[in-house]
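Undergrad: Below is the file structure.cif, with mmCIF, C-alpha atoms.
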```
data_query
#
loop_
_atom_site.label_atom_id
_atom_site.label_comp_id
_atom_site.auth_asym_id
_atom_site.auth_seq_id
_atom_site.Cartn_x
_atom_site.Cartn_y
_atom_site.Cartn_z
CA MET Z 1 0.00 0.00 0.00
CA HIS Z 2 1.57 3.25 -1.09
CA ALA Z 3 1.87 6.21 1.23
CA ARG Z 4 -0.54 9.02 0.46
CA ARG Z 5 0.96 12.41 -0.37
CA PHE Z 6 -0.76 15.59 0.74
CA LEU Z 7 -0.05 19.22 0.04
CA PRO Z 8 1.56 20.78 3.14
CA GLY Z 9 -1.28 23.27 3.54
CA LEU Z 10 -3.85 20.49 3.70
CA VAL Z 11 -2.24 18.43 6.45
CA PRO Z 12 -3.51 20.42 9.48
CA LEU Z 13 -7.08 20.41 8.10
CA LEU Z 14 -7.00 16.67 7.46
CA LEU Z 15 -5.60 15.96 10.89
CA VAL Z 16 -8.36 17.99 12.52
CA ALA Z 17 -11.04 16.19 10.47
CA THR Z 18 -9.61 12.81 11.43
CA ALA Z 19 -9.41 13.72 15.11
CA CYS Z 20 -13.13 14.55 15.17
CA GLY Z 21 -14.19 11.06 14.25
CA GLU Z 22 -14.70 7.89 16.23
CA GLY Z 23 -13.74 4.35 15.28
CA GLY Z 24 -11.64 5.52 12.33
CA SER Z 25 -14.19 8.02 10.94
CA GLY Z 26 -13.24 11.39 9.47
CA THR Z 27 -12.08 12.32 6.00
CA THR Z 28 -9.00 12.17 3.82
CA THR Z 29 -8.35 13.21 0.23
CA SER Z 30 -7.66 10.91 -2.70
CA ASP Z 31 -4.71 11.33 -5.02
CA SER Z 32 -7.09 12.98 -7.49
CA GLY Z 33 -8.33 15.44 -4.89
CA GLU Z 34 -11.66 13.79 -4.07
CA LYS Z 35 -12.92 13.81 -0.48
CA LEU Z 36 -13.05 10.31 1.03
CA ASP Z 37 -14.67 9.05 4.22
CA ARG Z 38 -12.26 7.12 6.39
CA VAL Z 39 -13.88 3.76 7.14
CA THR Z 40 -12.75 0.80 9.23
CA LEU Z 41 -13.76 -2.79 8.50
CA THR Z 42 -12.97 -5.47 11.08
CA LEU Z 43 -12.83 -9.01 9.72
CA ASN Z 44 -14.07 -12.14 11.48
CA TRP Z 45 -10.49 -13.40 11.87
CA TYR Z 46 -6.96 -12.87 10.62
CA PRO Z 47 -6.91 -12.42 6.84
CA TYR Z 48 -7.35 -15.61 4.79
CA GLY Z 49 -8.49 -16.37 1.24
CA GLU Z 50 -12.14 -15.52 1.83
CA HIS Z 51 -11.16 -11.89 2.40
CA ALA Z 52 -9.47 -11.37 -0.98
CA PRO Z 53 -12.31 -9.20 -2.37
CA PHE Z 54 -11.75 -6.50 0.25
CA TYR Z 55 -8.06 -6.18 -0.57
CA TYR Z 56 -8.75 -6.37 -4.30
CA GLY Z 57 -11.47 -3.73 -4.05
CA LYS Z 58 -9.07 -1.46 -2.20
CA GLN Z 59 -6.28 -2.09 -4.71
CA GLN Z 60 -8.58 -1.49 -7.69
CA LYS Z 61 -9.94 1.71 -6.09
CA ILE Z 62 -13.51 0.38 -6.01
CA PHE Z 63 -13.96 1.68 -2.47
CA GLU Z 64 -12.37 4.98 -3.46
CA LYS Z 65 -14.87 5.26 -6.33
CA HIS Z 66 -17.61 5.17 -3.70
CA GLY Z 67 -15.90 7.84 -1.59
CA ILE Z 68 -14.35 5.45 0.93
CA ASP Z 69 -10.78 5.25 2.25
CA LEU Z 70 -10.90 1.73 3.67
CA THR Z 71 -8.79 0.37 6.51
CA ILE Z 72 -9.07 -3.42 6.99
CA ARG Z 73 -8.43 -4.82 10.45
CA ALA Z 74 -7.94 -8.40 11.58
CA GLY Z 75 -10.62 -9.81 13.87
CA GLN Z 76 -10.67 -12.28 16.75
CA GLY Z 77 -13.88 -14.15 16.05
CA SER Z 78 -17.30 -13.13 14.75
CA GLN Z 79 -18.79 -12.55 18.19
CA LYS Z 80 -16.13 -10.00 19.08
CA THR Z 81 -16.51 -8.36 15.67
CA VAL Z 82 -20.27 -8.05 16.16
CA GLN Z 83 -19.78 -6.52 19.60
CA ALA Z 84 -17.10 -4.09 18.39
CA THR Z 85 -19.31 -3.01 15.48
CA ALA Z 86 -22.31 -2.39 17.70
CA ALA Z 87 -20.16 -0.40 20.13
CA GLY Z 88 -18.76 1.79 17.35
CA ARG Z 89 -15.17 0.60 17.80
CA THR Z 90 -15.24 -0.26 14.10
CA ASP Z 91 -17.50 1.22 11.43
CA PHE Z 92 -18.30 -2.09 9.76
CA GLY Z 93 -17.69 -5.75 10.48
CA TRP Z 94 -17.45 -9.00 8.55
CA ALA Z 95 -19.11 -11.61 10.71
CA ASP Z 96 -20.94 -14.92 10.77
CA THR Z 97 -24.73 -14.57 10.70
CA PRO Z 98 -25.30 -16.89 13.72
CA ALA Z 99 -23.22 -14.45 15.77
CA VAL Z 100 -25.42 -11.60 14.50
CA LEU Z 101 -28.60 -13.49 15.45
CA SER Z 102 -27.21 -14.31 18.87
CA GLY Z 103 -26.06 -10.74 19.42
CA VAL Z 104 -29.41 -9.20 18.49
CA ASP Z 105 -31.12 -11.77 20.71
CA GLN Z 106 -29.04 -10.40 23.60
CA GLY Z 107 -29.80 -6.76 22.79
CA VAL Z 108 -26.69 -5.95 20.76
CA ARG Z 109 -27.60 -3.15 18.36
CA VAL Z 110 -26.20 -4.40 15.07
CA LYS Z 111 -27.69 -5.25 11.67
CA SER Z 112 -26.60 -7.05 8.54
CA LEU Z 113 -26.18 -5.08 5.32
CA GLY Z 114 -26.10 -8.30 3.34
CA VAL Z 115 -24.87 -11.86 3.77
CA PHE Z 116 -22.36 -12.82 1.07
CA LEU Z 117 -21.66 -16.44 2.03
CA GLN Z 118 -25.18 -17.78 1.72
CA THR Z 119 -24.17 -21.45 1.85
CA THR Z 120 -22.43 -22.18 5.11
CA PRO Z 121 -18.79 -23.35 4.87
CA SER Z 122 -19.16 -24.97 8.31
CA SER Z 123 -17.81 -28.50 8.32
CA VAL Z 124 -16.15 -31.29 10.23
CA GLN Z 125 -12.63 -31.68 8.84
CA PHE Z 126 -10.31 -34.69 9.11
CA PHE Z 127 -7.57 -36.51 7.25
CA THR Z 128 -8.98 -38.76 4.55
CA ASP Z 129 -7.28 -41.79 6.08
CA GLN Z 130 -9.72 -41.53 9.02
CA LYS Z 131 -12.22 -43.19 6.65
CA VAL Z 132 -15.09 -40.99 7.73
CA SER Z 133 -17.71 -40.78 4.99
CA THR Z 134 -20.99 -40.13 6.81
CA PRO Z 135 -21.98 -38.30 10.00
CA ALA Z 136 -22.55 -41.67 11.70
CA ASP Z 137 -18.82 -42.36 11.32
CA LEU Z 138 -18.15 -39.56 13.81
CA LYS Z 139 -19.36 -41.68 16.73
CA GLY Z 140 -16.60 -42.00 19.31
CA LYS Z 141 -14.43 -39.34 17.65
CA THR Z 142 -12.75 -36.45 19.45
CA ILE Z 143 -13.27 -33.15 17.66
CA ALA Z 144 -11.48 -29.86 18.26
CA GLY Z 145 -13.89 -26.97 18.76
CA THR Z 146 -13.78 -23.55 20.39
CA ALA Z 147 -16.30 -22.87 23.14
CA GLY Z 148 -18.72 -20.10 22.28
CA ASP Z 149 -17.90 -19.68 18.60
CA ALA Z 150 -20.49 -20.05 15.84
CA LEU Z 151 -19.19 -23.42 14.70
CA THR Z 152 -19.41 -25.01 18.13
CA LYS Z 153 -22.85 -23.48 18.68
CA THR Z 154 -24.21 -24.93 15.44
CA PHE Z 155 -22.57 -28.35 15.65
CA PRO Z 156 -25.28 -29.80 17.95
CA ILE Z 157 -27.85 -28.88 15.28
CA PHE Z 158 -25.80 -30.76 12.69
CA LEU Z 159 -25.71 -33.80 14.99
CA GLN Z 160 -29.45 -33.59 15.63
CA LYS Z 161 -30.21 -33.35 11.89
CA ASN Z 162 -28.22 -36.56 11.39
CA ASN Z 163 -29.78 -38.54 14.25
CA LEU Z 164 -26.76 -38.23 16.50
CA LYS Z 165 -26.53 -37.11 20.12
CA GLU Z 166 -23.99 -34.69 21.52
CA SER Z 167 -22.73 -37.55 23.70
CA ASP Z 168 -21.84 -39.53 20.56
CA VAL Z 169 -18.75 -37.35 20.09
CA ARG Z 170 -16.32 -35.58 22.37
CA ILE Z 171 -15.64 -31.89 21.79
CA GLN Z 172 -12.21 -30.86 23.00
CA ASN Z 173 -12.17 -27.14 23.76
CA THR Z 174 -9.27 -25.76 21.74
CA ASP Z 175 -8.01 -22.27 21.00
CA PRO Z 176 -8.93 -21.36 17.38
CA ALA Z 177 -5.28 -21.12 16.40
CA GLY Z 178 -4.55 -24.56 17.87
CA LYS Z 179 -7.24 -26.65 16.17
CA ILE Z 180 -5.14 -27.59 13.14
CA ALA Z 181 -2.19 -28.56 15.34
CA ALA Z 182 -4.50 -30.72 17.46
CA VAL Z 183 -5.52 -32.78 14.42
CA ILE Z 184 -2.03 -33.00 12.94
CA SER Z 185 -0.58 -34.16 16.28
CA GLY Z 186 -3.33 -36.74 16.74
CA LYS Z 187 -4.73 -35.15 19.90
CA THR Z 188 -8.06 -34.94 18.13
CA ASP Z 189 -9.51 -36.89 15.21
CA ALA Z 190 -11.09 -33.88 13.52
CA LEU Z 191 -11.88 -30.20 13.91
CA LEU Z 192 -14.82 -27.90 13.41
CA GLY Z 193 -13.92 -25.33 10.77
CA TYR Z 194 -14.74 -23.65 7.53
CA ALA Z 195 -14.16 -25.57 4.32
CA SER Z 196 -12.94 -22.24 2.95
CA ASP Z 197 -10.40 -21.75 5.75
CA GLN Z 198 -8.79 -24.43 7.91
CA GLY Z 199 -9.02 -27.39 5.52
CA PRO Z 200 -6.65 -26.07 2.82
CA THR Z 201 -4.22 -24.88 5.52
CA MET Z 202 -4.19 -28.24 7.31
CA GLN Z 203 -3.69 -30.10 4.03
CA ASP Z 204 -0.74 -27.87 3.12
CA LYS Z 205 0.94 -28.17 6.53
CA ALA Z 206 0.53 -31.93 6.91
CA LYS Z 207 0.92 -32.82 3.22
CA LYS Z 208 -2.01 -35.18 3.71
CA GLN Z 209 -5.39 -35.19 2.01
CA VAL Z 210 -8.18 -33.58 4.02
CA SER Z 211 -11.85 -34.56 3.71
CA TYR Z 212 -14.99 -32.84 4.92
CA LEU Z 213 -18.48 -33.44 6.20
CA ARG Z 214 -20.11 -30.17 5.15
CA PHE Z 215 -23.11 -29.08 7.16
CA SER Z 216 -24.83 -27.87 3.97
CA GLU Z 217 -24.58 -31.33 2.41
CA HIS Z 218 -26.02 -33.09 5.47
CA GLY Z 219 -29.30 -31.35 6.16
CA LEU Z 220 -28.18 -28.04 7.61
CA ASN Z 221 -27.66 -24.87 5.61
CA PHE Z 222 -27.82 -21.32 6.91
CA TYR Z 223 -26.39 -17.91 6.18
CA SER Z 224 -22.73 -17.44 7.02
CA ASN Z 225 -20.48 -14.39 6.71
CA GLY Z 226 -21.66 -10.95 5.73
CA LEU Z 227 -21.32 -7.20 6.20
CA VAL Z 228 -22.64 -5.68 9.43
CA THR Z 229 -22.84 -2.24 10.99
CA GLY Z 230 -24.19 -0.64 14.15
CA GLN Z 231 -27.29 1.45 14.72
CA LYS Z 232 -25.26 4.62 15.06
CA ILE Z 233 -24.18 4.47 11.40
CA LEU Z 234 -27.57 3.21 10.20
CA SER Z 235 -29.39 6.08 11.86
CA GLY Z 236 -26.82 8.86 11.47
CA ARG Z 237 -24.80 7.91 8.37
CA ASN Z 238 -27.14 5.73 6.36
CA GLU Z 239 -25.80 7.09 3.08
CA LEU Z 240 -22.31 5.87 4.04
CA ALA Z 241 -23.73 2.43 4.82
CA ARG Z 242 -25.33 2.31 1.35
CA ARG Z 243 -22.05 3.23 -0.33
CA MET Z 244 -20.13 0.67 1.71
CA ALA Z 245 -22.58 -2.13 0.90
CA LEU Z 246 -22.42 -1.29 -2.80
CA ALA Z 247 -18.61 -1.06 -2.79
CA VAL Z 248 -18.31 -4.46 -1.07
CA SER Z 249 -20.72 -6.05 -3.57
CA GLU Z 250 -18.80 -4.59 -6.52
CA SER Z 251 -15.50 -5.76 -5.01
CA TRP Z 252 -16.82 -9.33 -4.75
CA THR Z 253 -18.06 -9.18 -8.34
CA ALA Z 254 -14.66 -7.99 -9.54
CA ALA Z 255 -12.77 -10.58 -7.48
CA GLU Z 256 -14.99 -13.40 -8.74
CA LYS Z 257 -13.99 -12.47 -12.30
CA ALA Z 258 -10.27 -12.27 -11.43
CA PRO Z 259 -9.60 -14.74 -8.59
CA GLU Z 260 -5.82 -14.96 -8.89
CA PRO Z 261 -5.25 -11.17 -9.06
CA ALA Z 262 -7.64 -10.85 -6.13
CA VAL Z 263 -5.60 -13.31 -4.08
CA ALA Z 264 -2.38 -11.53 -5.13
CA ALA Z 265 -3.82 -8.27 -3.74
CA MET Z 266 -3.60 -9.81 -0.24
CA SER Z 267 0.20 -9.79 -0.30
CA GLY Z 268 1.50 -8.32 2.96
CA ALA Z 269 -1.96 -8.21 4.57
CA SER Z 270 -0.82 -10.00 7.72
CA GLU Z 271 2.15 -11.78 9.24
CA GLN Z 272 -0.20 -14.75 9.71
CA LEU Z 273 -1.21 -14.80 6.03
CA PRO Z 274 -1.37 -18.36 4.63
CA PRO Z 275 0.83 -19.34 1.65
CA ARG Z 276 -0.35 -18.26 -1.80
CA ASN Z 277 -1.50 -21.76 -2.83
CA VAL Z 278 -3.60 -22.03 0.33
CA LEU Z 279 -5.13 -18.59 -0.23
CA SER Z 280 -6.06 -19.59 -3.77
CA GLU Z 281 -7.74 -22.80 -2.60
CA GLN Z 282 -9.57 -20.96 0.16
CA PHE Z 283 -10.93 -18.34 -2.22
CA LYS Z 284 -11.83 -20.96 -4.83
CA THR Z 285 -13.99 -22.70 -2.24
CA THR Z 286 -15.44 -19.40 -1.03
CA LEU Z 287 -16.73 -18.61 -4.51
CA THR Z 288 -18.96 -21.73 -4.35
CA LEU Z 289 -20.77 -20.31 -1.31
CA LEU Z 290 -22.13 -17.02 -2.65
CA HIS Z 291 -25.73 -17.90 -3.46
CA THR Z 292 -28.83 -19.90 -2.65
CA ASP Z 293 -31.30 -21.00 -5.31
CA ALA Z 294 -33.22 -17.78 -4.64
CA THR Z 295 -30.27 -15.48 -5.38
CA ARG Z 296 -28.39 -17.34 -8.11
CA GLY Z 297 -27.46 -14.94 -10.91
CA ARG Z 298 -27.85 -11.87 -8.74
CA ALA Z 299 -25.14 -9.58 -7.37
CA PRO Z 300 -23.07 -10.79 -4.39
CA GLY Z 301 -24.67 -9.78 -1.11
CA VAL Z 302 -28.24 -9.69 -2.43
CA ASN Z 303 -30.43 -11.50 0.13
CA THR Z 304 -34.05 -12.59 0.28
CA GLU Z 305 -36.42 -12.45 3.21
CA GLY Z 306 -37.19 -16.15 2.72
CA ASP Z 307 -33.54 -17.19 3.10
CA TRP Z 308 -33.21 -15.00 6.17
CA GLN Z 309 -36.32 -16.53 7.71
CA ARG Z 310 -35.03 -20.06 7.12
CA THR Z 311 -31.78 -19.17 8.88
CA ILE Z 312 -33.65 -17.64 11.82
CA ASP Z 313 -35.91 -20.69 12.03
CA VAL Z 314 -32.94 -23.08 12.21
CA PHE Z 315 -31.50 -21.35 15.24
CA ALA Z 316 -34.84 -20.73 16.91
CA GLU Z 317 -35.72 -24.43 16.62
CA ALA Z 318 -32.39 -25.34 18.14
CA GLY Z 319 -32.87 -22.91 21.01
CA LEU Z 320 -29.87 -20.78 20.11
CA VAL Z 321 -32.13 -17.79 19.46
CA LYS Z 322 -34.40 -17.44 22.48
CA SER Z 323 -36.62 -14.65 21.16
CA PRO Z 324 -36.75 -14.81 17.35
CA LYS Z 325 -37.64 -11.49 15.78
CA ALA Z 326 -38.79 -10.26 12.40
CA VAL Z 327 -36.25 -10.42 9.59
CA SER Z 328 -36.08 -6.61 9.59
CA GLU Z 329 -34.57 -6.69 13.08
CA TYR Z 330 -31.51 -8.51 11.73
CA TRP Z 331 -31.21 -7.30 8.11
CA ASP Z 332 -31.47 -3.74 6.80
CA SER Z 333 -32.91 -4.53 3.38
CA GLY Z 334 -33.17 -0.88 2.40
CA THR Z 335 -29.41 -0.37 2.68
CA ALA Z 336 -28.37 -3.79 1.35
CA PRO Z 337 -27.06 -4.43 -2.19
CA LYS Z 338 -29.61 -4.64 -4.99
CA GLY Z 339 -29.44 -6.24 -8.43
#
```
Would you write out, as structure tokens, the structure that this file holds?

TA:
Amino acid sequence: MHARRFLPGLVPLLLVATACGEGGSGTTTSDSGEKLDRVTLTLNWYPYGEHAPFYYGKQQKIFEKHGIDLTIRAGQGSQKTVQATAAGRTDFGWADTPAVLSGVDQGVRVKSLGVFLQTTPSSVQFFTDQKVSTPADLKGKTIAGTAGDALTKTFPIFLQKNNLKESDVRIQNTDPAGKIAAVISGKTDALLGYASDQGPTMQDKAKKQVSYLRFSEHGLNFYSNGLVTGQKILSGRNELARRMALAVSESWTAAEKAPEPAVAAMSGASEQLPPRNVLSEQFKTTLTLLHTDATRGRAPGVNTEGDWQRTIDVFAEAGLVKSPKAVSEYWDSGTAPKG
């Protein structure tokens, strides 16, 4: 990322404008002299292949076209991203929809501006030599999961859908960063992860074939990651929210057409960044998750009320949403991408 150059006379004004904002708000000026809103986006985790569209959109000046100077921050789990977004510590977040539902259920003032991963990448992941081919083969297995995260919260629903009890498996509480190591070392037989994240990394590190039991292929699909913001921006800066949602949708469209350049745009994004071949595999898988039957052929991030309701129903039936609300309480359809 190149350093921006400003005329000396403009620097004090820009510094004052920046100082007035909260959570990274304020304004800067583009190289062509256009005023840009400074915007922060906090991811669900450290950058991995799924996030390529944000870096590509920044590199290709798609965000700048919409008047946005974007800063991308690493996250520490969707729940924390949802909470930070609601509190205004970040302008926007990229978070798992179950964490949004759970947060709203607990009074957290956050809304989705559009779910982009509309087929969940949630899966049980294991080395192929474990000879697991159906959910029933998980009986007696030890699986690495992280207490409180969206994957661990939804796994009991997956078991229930496949006529299994929670007691049929053992969940070993593991730090998110340690789940892959737990499987490679043999401490656990499998892990709960995203097919678009941990699987390609584990395969690359162990040089062993990884297989998956995907939730979506075994009776359980629901919305996954999407763009969220807090009520403060929705009520006070709704026009910014509209521009951000559109810029993110356009960035995903552009990245889908140029996957390798999009992955290349992530260079230097993080010290924890996976190798290029892993990033490519992660993003390739991510691109298979963008739509449901109801949104196929439409722009990334376009949602339907029916798909939202089905996601809410899944978690209400499982008891993970205690007080299910109307779709409009979770999704701001007026601000979301169209097309």

Undergrad: Listing only residues of stretch 159-264 of chain Z within 8 Å of stretch 38-59 of chain Z, what is the closest atom pair and its distance in Å (to one decimal) for each, using only C-alpha atoms, sorted by chain and residue number ascending, as JSON lines?

TA:
```
{"residue": "Z:Ser196", "atom": "CA", "partner": "Z:Glu50", "partner_atom": "CA", "distance": 6.9}
{"residue": "Z:Asp197", "atom": "CA", "partner": "Z:Tyr48", "partner_atom": "CA", "distance": 6.9}
{"residue": "Z:Ala247", "atom": "CA", "partner": "Z:Gly57", "partner_atom": "CA", "distance": 7.7}
{"residue": "Z:Val248", "atom": "CA", "partner": "Z:Phe54", "partner_atom": "CA", "distance": 7.0}
{"residue": "Z:Glu250", "atom": "CA", "partner": "Z:Gly57", "partner_atom": "CA", "distance": 7.8}
{"residue": "Z:Ser251", "atom": "CA", "partner": "Z:Gly57", "partner_atom": "CA", "distance": 4.6}
{"residue": "Z:Trp252", "atom": "CA", "partner": "Z:Pro53", "partner_atom": "CA", "distance": 5.1}
{"residue": "Z:Ala254", "atom": "CA", "partner": "Z:Pro53", "partner_atom": "CA", "distance": 7.6}
{"residue": "Z:Ala255", "atom": "CA", "partner": "Z:Pro53", "partner_atom": "CA", "distance": 5.3}
{"residue": "Z:Pro261", "atom": "CA", "partner": "Z:Tyr56", "partner_atom": "CA", "distance": 7.6}
{"residue": "Z:Ala262", "atom": "CA", "partner": "Z:Tyr56", "partner_atom": "CA", "distance": 5.0}
{"residue": "Z:Val263", "atom": "CA", "partner": "Z:Ala52", "partner_atom": "CA", "distance": 5.3}
```

Undergrad: Report, as lines of an AutoDock Vina configuration file, the centre and edge lengths in Å (one decimal) of the axis-aligned box enclosing every listed atom of stretch 178-184 of chain Z, padded by 6 Å on each side.

TA:
```
center_x = -4.6
center_y = -28.8
center_z = 15.4
size_x = 17.2
size_y = 20.4
size_z = 16.9
```

Undergrad: Check which residues satisfy the PyMOL selection byres ((chain Z and resi 171) around 10) in the file shown, then give them as a PyMOL selection string.

TA: chain Z and resi 141-147+152+155+166-170+172-174+188+190-192

Undergrad: Select all residues near (-29.2, -9.8, 16.6) (cut-off 10 Å, inclusive, file coordinates), counting only C-alpha atoms, and output them as an MDAnalysis selection string.

TA: chainID Z and resid 82 97:112 321 323:325 327 329:331

Undergrad: Output the residue selection produced by the PyMOL selection byres ((chain Z and resi 272) around 12) on the file above, formatted as a list in words.

TA: Trp45, Tyr46, Pro47, Tyr48, Gly49, Ala74, Ala177, Thr201, Met266, Ser267, Gly268, Ala269, Ser270, Glu271, Leu273, Pro274, Pro275 and Leu279 of chain Z

Undergrad: Identify the residues within 10 Å of coordinate (-8.6, -21.7, -3.9) (same frame as the file), considering only C-alpha atoms, and give the answer as a compact mmCIF listing (two decimals) with C-alpha atoms, in the coordinates of the input.

TA:
```
# COMPACT_ATOMS: atom_id res chain seq x y z
CA GLY Z 49 -8.49 -16.37 1.24
CA GLU Z 50 -12.14 -15.52 1.83
CA SER Z 196 -12.94 -22.24 2.95
CA ASP Z 197 -10.40 -21.75 5.75
CA PRO Z 200 -6.65 -26.07 2.82
CA PRO Z 259 -9.60 -14.74 -8.59
CA GLU Z 260 -5.82 -14.96 -8.89
CA VAL Z 263 -5.60 -13.31 -4.08
CA ARG Z 276 -0.35 -18.26 -1.80
CA ASN Z 277 -1.50 -21.76 -2.83
CA VAL Z 278 -3.60 -22.03 0.33
CA LEU Z 279 -5.13 -18.59 -0.23
CA SER Z 280 -6.06 -19.59 -3.77
CA GLU Z 281 -7.74 -22.80 -2.60
CA GLN Z 282 -9.57 -20.96 0.16
CA PHE Z 283 -10.93 -18.34 -2.22
CA LYS Z 284 -11.83 -20.96 -4.83
CA THR Z 285 -13.99 -22.70 -2.24
CA THR Z 286 -15.44 -19.40 -1.03
CA LEU Z 287 -16.73 -18.61 -4.51
```

Undergrad: Using only C-alpha atoms, pick whichever of Z:Lys139, Z:Arg242, Z:Arg310, Z:Lys187 has the shortest atom-to-atom distance to Z:Leu164.

TA: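 Smallest distance to Z:Leu164 is found for Z:Lys139.
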
Undergrad: Within 12 Å of stretch 303-308 of chain Z, which residues of stretch 168-241 of chain Z come that close, and what is the closest atom pair and distance in Å for each? Count all atoms listed in the file and give it as a tab-separated table.

TA:
```
residue	atom	partner	partner_atom	distance
Z:Asn221	CA	Z:Asp307	CA	10.0
Z:Phe222	CA	Z:Asp307	CA	8.0
Z:Tyr223	CA	Z:Trp308	CA	7.4
Z:Ser224	CA	Z:Trp308	CA	10.8
Z:Gly226	CA	Z:Asn303	CA	10.4
Z:Leu227	CA	Z:Asn303	CA	11.8
```

Undergrad: Between Z:Pro156, Z:Pro135, Z:Gly193, Z:Gly297, single out the one closest to Z:Gly319, counting only C-alpha atoms.

TA: Z:Pro156

Undergrad: So, with all atoms listed in the file as the atoms that count, which of Z:Thr229, Z:Ser333, Z:Thr119, Z:Thr29 lies closest to Z:Thr90?

TA: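 Checking each candidate against Z:Thr90, we get Z:Thr229 as the closest.
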
Undergrad: Quick check on the file I pasted: which residues fall under the PyMOL selection byres ((chain Z and resi 77) around 8)? Write them as a PyMOL selection string.

TA: chain Z and resi 44-45+75-76+78-81+95+149

Undergrad: Will you model N, CA and C atoms for stretch 142-154 of chain Z and pass it back as an mmCIF file, in the coordinates of the input?

TA:
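As a result, rebuild-v9.cif now contains:
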```
data_model
loop_
_atom_site.group_PDB
_atom_site.id
_atom_site.type_symbol
_atom_site.label_atom_id
_atom_site.label_comp_id
_atom_site.auth_asym_id
_atom_site.auth_seq_id
_atom_site.Cartn_x
_atom_site.Cartn_y
_atom_site.Cartn_z
ATOM 1 N N THR Z 142 -13.049 -37.667 18.706
ATOM 2 C CA THR Z 142 -12.750 -36.450 19.450
ATOM 3 C C THR Z 142 -12.534 -35.321 18.454
ATOM 4 N N ILE Z 143 -13.265 -34.240 18.641
ATOM 5 C CA ILE Z 143 -13.270 -33.150 17.660
ATOM 6 C C ILE Z 143 -12.867 -31.848 18.339
ATOM 7 N N ALA Z 144 -11.924 -31.145 17.734
ATOM 8 C CA ALA Z 144 -11.480 -29.860 18.260
ATOM 9 C C ALA Z 144 -12.491 -28.770 17.921
ATOM 10 N N GLY Z 145 -12.967 -28.085 18.940
ATOM 11 C CA GLY Z 145 -13.890 -26.970 18.760
ATOM 12 C C GLY Z 145 -13.541 -25.873 19.741
ATOM 13 N N THR Z 146 -14.060 -24.690 19.510
ATOM 14 C CA THR Z 146 -13.780 -23.550 20.390
ATOM 15 C C THR Z 146 -15.069 -23.116 21.070
ATOM 16 N N ALA Z 147 -15.088 -23.179 22.380
ATOM 17 C CA ALA Z 147 -16.300 -22.870 23.140
ATOM 18 C C ALA Z 147 -16.813 -21.470 22.805
ATOM 19 N N GLY Z 148 -18.101 -21.393 22.499
ATOM 20 C CA GLY Z 148 -18.720 -20.100 22.280
ATOM 21 C C GLY Z 148 -18.725 -19.595 20.860
ATOM 22 N N ASP Z 149 -17.916 -20.196 19.970
ATOM 23 C CA ASP Z 149 -17.900 -19.680 18.600
ATOM 24 C C ASP Z 149 -19.082 -20.256 17.809
ATOM 25 N N ALA Z 150 -19.308 -19.678 16.624
ATOM 26 C CA ALA Z 150 -20.490 -20.050 15.840
ATOM 27 C C ALA Z 150 -20.473 -21.512 15.434
ATOM 28 N N LEU Z 151 -19.289 -22.028 15.117
ATOM 29 C CA LEU Z 151 -19.190 -23.420 14.700
ATOM 30 C C LEU Z 151 -19.615 -24.375 15.811
ATOM 31 N N THR Z 152 -19.096 -24.132 17.009
ATOM 32 C CA THR Z 152 -19.410 -25.010 18.130
ATOM 33 C C THR Z 152 -20.881 -24.882 18.528
ATOM 34 N N LYS Z 153 -21.440 -23.682 18.351
ATOM 35 C CA LYS Z 153 -22.850 -23.480 18.680
ATOM 36 C C LYS Z 153 -23.772 -24.209 17.692
ATOM 37 N N THR Z 154 -23.347 -24.301 16.441
ATOM 38 C CA THR Z 154 -24.210 -24.930 15.440
ATOM 39 C C THR Z 154 -23.986 -26.425 15.297
#
```
